[in-house]
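Q: Just passing along the structure, written as structure tokens.
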Amino acid sequence: MADVTDVATLPEGPGETGTGTASGAEGTAGANGATGAEGEAHPPKEGAADGGGRRWNDGLIARHAAGRKGANGTAVTVGVEGIDGDDDVSAGAEGHQPIGGAYEGPLRVRLDALRELVGLSRTRIEGTTLAEAGRLLDEASTRQRLSSRHTVVAIAGATGSGKSTLFNALAEVPISETGLRRPTTSAPIACVWSEGAAGLLDRLAIPGRLRRRPLAGGDGDEELKGLVLIDLPDHDSAVVAHRDQVDRVLALVDAVIWVVDPEKYADAALHERYLRPLAGHAEITFVVLNQVDRLPGDAADQVLDDLRRLLDEDGMALGEHGEPGATVLPISALTGRGVGELRELIGRFVQERNAAARRLSADVDAAAARLRPVYVADGRTGLGERSREEFAERLAWAVGAVAAGETAEREWRRNAGRACGTPWLRLWRWYERTRTPGGGAPRTQVIVEDELTARQRVEQAVRTVADDAAAGLPRPWAQAVREAAVRGAEGLPEALDELALTAGPPSGRPARPAWWPAAVLAQASMTLLQIYGGLWLVGQIVGMLQPGIIPPVLVMLAGIVGGPLVEWTCVAAARGPARRYGQDAERRLREAAAGCGRAKVLDPVAAELMRYREVREQFSTVSGVRR
């Protein structure tokens with residue numbers, strides 16, 4: 001079995017000294033040198049704080065330590081805190097690769113869409129709802145800056161499940177303490193198979209004294225190169241701090257190995273608190289049934305089948321028959337049964353170098369599922385043409401557009417009657433008005449909406465169009481649409497009152513049609529015929545003209561009959577122009593009211609709906625579904 005080295009504390013500045021201890025390798029490392037397993041003194045490490053102001057160069061030490069031999073020819077490896085060191089210090093070293101790497105493909109597109117989604121939604125959705133998405137973006141950015149050549153795998157399980165035993169079996173060295181005392185593991189312990197992982201361990205807040213590294217030369221070292229294995233405390237520990245540490249680390253690692261035993265594999269705390277919520281992370285999940293050596297006969301297969309059934313009920317896909325999903329495996333960490341197979345599976349998993357991206361993609365899926373209620377509408381959304389027309393119609397009634405058109409039509413007809421009516425009829429009407437108490441010029445009966453009624457009509461119109469626009473929208477966006485409509489409705493009744501004065505029928509006499517002068521001339525001719533016939537008849541009566549009553553009577557009758565006939569003809573001819581005049585006045589007022597309502601209410605509502613459509617498209621990208 002290979003040996004393991006503890007991680008030493010490094011000096012932080014010139015003139016400081018550092019010490020380190022090695023588990024299983026007798027010797028100490030000081031400021032001026034290191035002693036190997038057989039006591040051979042090695043020269044001072046390059047960059048170590050040796051009193052001359054130089055600093056440790058951990059990366060250089062780690063790369064060359066494997067090539068150094070002790071006095072008896074055995075390989076000696078020294079582990080130090082911050083196993084990766086500063087990669088930029090040895091950037092020129094052969095085979096060096098930069099730490100971190102940009103996300104590529106669909107994951108990058110989804111992260112960009114999630115970032116845009118959060119930005120567009122900050123003023124519409126509560127911060128607590130977006131907090132998890134913001135945390136995910138921060139963690140994605142942090143993980144991107146760290147080593148992409150390492151895969152962080154946590155070993156989690158309940159009390160007594162054998163986590164630490166499995167941890168030691170995979171590391172092939174006794175790193176984590178095992179025993180009957182509970183809890184045994186009180187803090188996360190890390191074992192790193194290659195350098196460059198210090199940043200990842202710092203992110204997990206694992207101190208240097210709990211960082212380990214197996215000695216090089218083991219058969220599995222090459223296949224596990226890049227693995228960072230974490231032994232976690234019990235997830236069901238009686239100590240709250242231990243459970244908190246488990247939850248914190250599980251949110252940051254790239255993959256998880258869940259260790260269950262025949263007694264607690266169906267524990268509700270495990271399934272309800274972890275496996276069920278993390279069902280979407282099946283591709284980065286290993287579930288191992290430990291302690292199968294305690295099960296007689298076919299009992300191990302029966303328990304394993306029941307475990308698969310429970311995982312299926314949790315919604316976790318199982319990686320069987322070549323399909324992606326969780327790996328379920330029976331092992332015995334104590335006897336070594338199945339450990340080799342698990343080690344081989346982990347080795348292939350680590351060498352794929354995509355666990356971090358797969359974990360992050362699953363996190364994005366989970367975030368999209370949590371955000372779905374605030375982004376996905378029930379049915380078709382938007383403001384239809386019918387709702388717009390009904391809103392404009394309500395505003396037209398509120399501003400009195402129909403009454404104004406009718407008033408304008410009556411006014412036009414009245415002017416036509418004044419111009420084309422017989423003078424005797426107008427004289428009679430004048431006489432009737434003068435002899436009637438309070439008589440005078442007739443007042444046009446204009447139907448004007450009461451101020452309170454008009455305001456209520458406007459408010460009702462705004463509420464109705466807001467409800468139509470918000471129908472089917474998620475609650476935050478429906479509220480945003482209603483608020484936009486209410487804000488726009490402020491001052492709308494007053495603006496409509498202004499329009500009623502400025503956009504109504506023009507003051508003064510309405511425009512006259514082209515045939516109007518001819519009608520006036522005809523009516524004047526009929527009046528002259530009456531006067532001429534009457535004078536002719538009077539002249540005959542007084543003897544000034546020759547007698548002949550028939551001609552003057554016929555002339556008078558022609559004028560008397562022709563006057564009303566011309567008036568009635570003008571009234572009939574005036575109906576069309578009067579109607580068009582009234583309709584034009586109503587149309588102008590309708591258009592003005594609709595334009596005012598559109599600018600104050602419909603446009604802000606449409607802007608909110610457009611913003612929702614934008615975030616809906618971004619959410620579709622985040623969730624991986626193209627509309």
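Ordering of the structure tokens sets the chain letters (A, B, ...), residue numbers begin anew at 1 in every chain, and ligands are numbered from 1 in the order given.
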Which residues are close to Ala300 (chain A), i.e. within 10 Å by only C-alpha atoms, leaving aside same-chain residues fewer than 3 positions away? Reply as a PDB file with N, CA, C and O atoms, in the first residue's frame.
A:
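Final output, out.pdb:
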ATOM      1  N   PRO A 262     -26.665  -1.531   4.443  1.00  0.00           N
ATOM      2  CA  PRO A 262     -27.917  -2.302   4.421  1.00  0.00           C
ATOM      3  C   PRO A 262     -28.943  -1.861   5.446  1.00  0.00           C
ATOM      4  O   PRO A 262     -30.134  -2.156   5.281  1.00  0.00           O
ATOM      5  N   LEU A 289     -23.570   0.674  -2.302  1.00  0.00           N
ATOM      6  CA  LEU A 289     -24.105  -0.071  -1.166  1.00  0.00           C
ATOM      7  C   LEU A 289     -22.923  -0.748  -0.468  1.00  0.00           C
ATOM      8  O   LEU A 289     -22.393  -1.750  -0.954  1.00  0.00           O
ATOM      9  N   ASN A 290     -22.509  -0.197   0.637  1.00  0.00           N
ATOM     10  CA  ASN A 290     -21.336  -0.696   1.360  1.00  0.00           C
ATOM     11  C   ASN A 290     -21.757  -1.804   2.338  1.00  0.00           C
ATOM     12  O   ASN A 290     -22.942  -2.004   2.621  1.00  0.00           O
ATOM     13  N   GLN A 291     -20.746  -2.501   2.810  1.00  0.00           N
ATOM     14  CA  GLN A 291     -20.930  -3.544   3.814  1.00  0.00           C
ATOM     15  C   GLN A 291     -21.770  -4.720   3.303  1.00  0.00           C
ATOM     16  O   GLN A 291     -22.504  -5.363   4.062  1.00  0.00           O
ATOM     17  N   VAL A 292     -21.651  -5.003   2.009  1.00  0.00           N
ATOM     18  CA  VAL A 292     -22.399  -6.143   1.473  1.00  0.00           C
ATOM     19  C   VAL A 292     -21.834  -7.462   1.995  1.00  0.00           C
ATOM     20  O   VAL A 292     -22.506  -8.514   1.882  1.00  0.00           O
ATOM     21  N   ASP A 293     -20.624  -7.409   2.579  1.00  0.00           N
ATOM     22  CA  ASP A 293     -20.055  -8.636   3.143  1.00  0.00           C
ATOM     23  C   ASP A 293     -20.860  -9.105   4.355  1.00  0.00           C
ATOM     24  O   ASP A 293     -20.726 -10.263   4.775  1.00  0.00           O
ATOM     25  N   ARG A 294     -21.692  -8.225   4.905  1.00  0.00           N
ATOM     26  CA  ARG A 294     -22.501  -8.598   6.058  1.00  0.00           C
ATOM     27  C   ARG A 294     -23.791  -9.292   5.656  1.00  0.00           C
ATOM     28  O   ARG A 294     -24.525  -9.795   6.513  1.00  0.00           O
ATOM     29  N   LEU A 295     -24.117  -9.277   4.340  1.00  0.00           N
ATOM     30  CA  LEU A 295     -25.380  -9.840   3.868  1.00  0.00           C
ATOM     31  C   LEU A 295     -25.167 -11.267   3.382  1.00  0.00           C
ATOM     32  O   LEU A 295     -24.283 -11.526   2.550  1.00  0.00           O
ATOM     33  N   PRO A 296     -25.965 -12.187   3.843  1.00  0.00           N
ATOM     34  CA  PRO A 296     -25.802 -13.583   3.426  1.00  0.00           C
ATOM     35  C   PRO A 296     -26.504 -13.879   2.108  1.00  0.00           C
ATOM     36  O   PRO A 296     -27.515 -13.260   1.758  1.00  0.00           O
ATOM     37  N   GLY A 297     -25.968 -14.816   1.349  1.00  0.00           N
ATOM     38  CA  GLY A 297     -26.617 -15.331   0.154  1.00  0.00           C
ATOM     39  C   GLY A 297     -26.986 -14.251  -0.844  1.00  0.00           C
ATOM     40  O   GLY A 297     -26.171 -13.400  -1.219  1.00  0.00           O
ATOM     41  N   VAL A 303     -31.261  -6.291  -1.628  1.00  0.00           N
ATOM     42  CA  VAL A 303     -31.128  -4.928  -1.101  1.00  0.00           C
ATOM     43  C   VAL A 303     -30.755  -3.962  -2.216  1.00  0.00           C
ATOM     44  O   VAL A 303     -31.251  -2.825  -2.284  1.00  0.00           O
ATOM     45  N   LEU A 304     -29.892  -4.412  -3.131  1.00  0.00           N
ATOM     46  CA  LEU A 304     -29.486  -3.545  -4.243  1.00  0.00           C
ATOM     47  C   LEU A 304     -30.671  -3.233  -5.149  1.00  0.00           C
ATOM     48  O   LEU A 304     -30.841  -2.084  -5.605  1.00  0.00           O
ATOM     49  N   ASP A 305     -31.500  -4.235  -5.416  1.00  0.00           N
ATOM     50  CA  ASP A 305     -32.696  -3.988  -6.239  1.00  0.00           C
ATOM     51  C   ASP A 305     -33.648  -3.021  -5.539  1.00  0.00           C
ATOM     52  O   ASP A 305     -34.256  -2.153  -6.188  1.00  0.00           O
ATOM     53  N   ASP A 306     -33.788  -3.169  -4.236  1.00  0.00           N
ATOM     54  CA  ASP A 306     -34.665  -2.259  -3.502  1.00  0.00           C
ATOM     55  C   ASP A 306     -34.102  -0.845  -3.497  1.00  0.00           C
ATOM     56  O   ASP A 306     -34.855   0.135  -3.575  1.00  0.00           O
ATOM     57  N   PRO A 330     -22.522  -2.363  -5.612  1.00  0.00           N
ATOM     58  CA  PRO A 330     -22.329  -2.974  -4.292  1.00  0.00           C
ATOM     59  C   PRO A 330     -20.832  -3.126  -3.998  1.00  0.00           C
ATOM     60  O   PRO A 330     -20.061  -3.545  -4.866  1.00  0.00           O
ATOM     61  N   ILE A 331     -20.424  -2.739  -2.806  1.00  0.00           N
ATOM     62  CA  ILE A 331     -19.016  -2.843  -2.441  1.00  0.00           C
ATOM     63  C   ILE A 331     -18.900  -3.266  -0.974  1.00  0.00           C
ATOM     64  O   ILE A 331     -19.874  -3.252  -0.220  1.00  0.00           O
TER      65      ILE A 331
END
Q: Among region 374-611 of chain A, which residues does DSSP mark as alpha helix (DSSP H) when it is run on the backbone? Keep the chain and numbering as in the structure and answer as a PyMOL selection string.
A: chain A and resi 385-399+401-420+423-435+451-470+475-489+492-502+516-541+550-597+603-611
Q: Within 8 Å of Pro493 (chain A), counting only C-alpha atoms, which residues qualify if same-chain residues fewer than 6 places away don't, as a list of chain:residue names?
A: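 Once the adjacent positions are removed, what remains is A:Ala454, A:Arg455, A:Val458.
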Q: Could you state the separation of CA of Glu409 (chain A) and CA of Arg579 (chain A) in Å, given to one decimal place?
A: 5.6 Å
Q: Hey, can you check how far CA of Ala489 (chain A) sits from CA of Leu120 (chain A)?
A: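 Going from CA of Ala489 (chain A) over to CA of Leu120 (chain A) covers 24.6 Å.
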Q: How many Å lie between CA of Thr159 (chain A) and CA of Val239 (chain A), rounded to one decimal?
A: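 Computing it gives 11.5 Å between the two atoms.
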Q: Pick from A:Thr285, A:Thr142, A:Gln460, A:Thr185: nearest to Arg358 (chain A), with only C-alpha atoms counted?
A: A:Thr285
Q: Quick one: residues within 7 Å of Gln530 (chain A), only C-alpha atoms counted, chain neighbours fewer than 6 positions away excluded, as a list in words?
A: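 The residues that qualify are Val555, Met556, Gly559 and Ile560 of chain A.
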Q: With only C-alpha atoms as the atoms that count, which of A:Asp254, A:Glu116, A:Glu406, A:Asp314 lies nearest to His271 (chain A)?
A: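 Among the listed residues, the smallest separation from His271 (chain A) belongs to A:Asp314.
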Q: Dump as a tab-separated table the rows for residues of region 315-389 of chain A within 9 Å of region 590-602 of chain A: closest atom pair and distance in Å with one decimal, only C-alpha atoms counted, ordered by chain and rising residue number.
A:
residue	atom	partner	partner_atom	distance
A:Leu383	CA	A:Leu602	CA	8.9
A:Arg388	CA	A:Leu602	CA	8.0
A:Glu389	CA	A:Ala594	CA	8.9
Q: The selected residues should be written to file as a tab-separated table (two decimals), in the first residue's frame (atoms: N, CA and C atoms).
A:
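Saved file part-v4.tsv follows:
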chain	number	residue	atom	x	y	z
A	383	LEU	N	-51.69	41.33	-25.51
A	383	LEU	CA	-52.88	42.16	-25.59
A	383	LEU	C	-53.42	42.07	-27.01
A	388	ARG	N	-57.70	45.95	-27.35
A	388	ARG	CA	-57.33	47.34	-27.68
A	388	ARG	C	-58.54	48.12	-28.18
A	389	GLU	N	-59.33	47.50	-29.04
A	389	GLU	CA	-60.51	48.19	-29.57
A	389	GLU	C	-61.53	48.47	-28.47
Q: Run DSSP on the backbone and grab whatever in region 290-427 of chain A lands in strand (DSSP E); send it over as a PyMOL selection string.
A: chain A and resi 327-330
Q: Residues of the last selection are to be written out with C-alpha atoms, as a PDB file, in the first residue's frame.
A:
ATOM      1  CA  THR A 327     -24.015   4.594 -10.947  1.00  0.00           C
ATOM      2  CA  VAL A 328     -25.216   2.041  -8.389  1.00  0.00           C
ATOM      3  CA  LEU A 329     -22.636  -0.433  -7.148  1.00  0.00           C
ATOM      4  CA  PRO A 330     -22.329  -2.974  -4.292  1.00  0.00           C
TER       5      PRO A 330
END
Q: So which one's closest to Trp412 (chain A), A:Met544, A:Ala461, A:Ala585, A:Val253? Using only C-alpha atoms, please.
A: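 Checking each candidate against Trp412 (chain A), we get A:Ala585 as the closest.
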Q: Which is closer to Leu311 (chain A) than all the others in A:Val339, A:Leu345, A:Ala401, A:Leu270, using only C-alpha atoms?
A: A:Leu270
Q: Pick out the residues sitting within 12 Å of Gly379 (chain A), and hand them over as a PyMOL selection string; count only C-alpha atoms, and ignore anything fewer than 3 positions along from it in its own chain.
A: chain A and resi 376+382+470-474
Q: Skip Ala269 (chain A) itself and residues of its chain fewer than 3 positions away, then list as a ChimeraX atom specification all residues within 9 Å of it, counting only C-alpha atoms.
A: /A:235-236,266,272-274
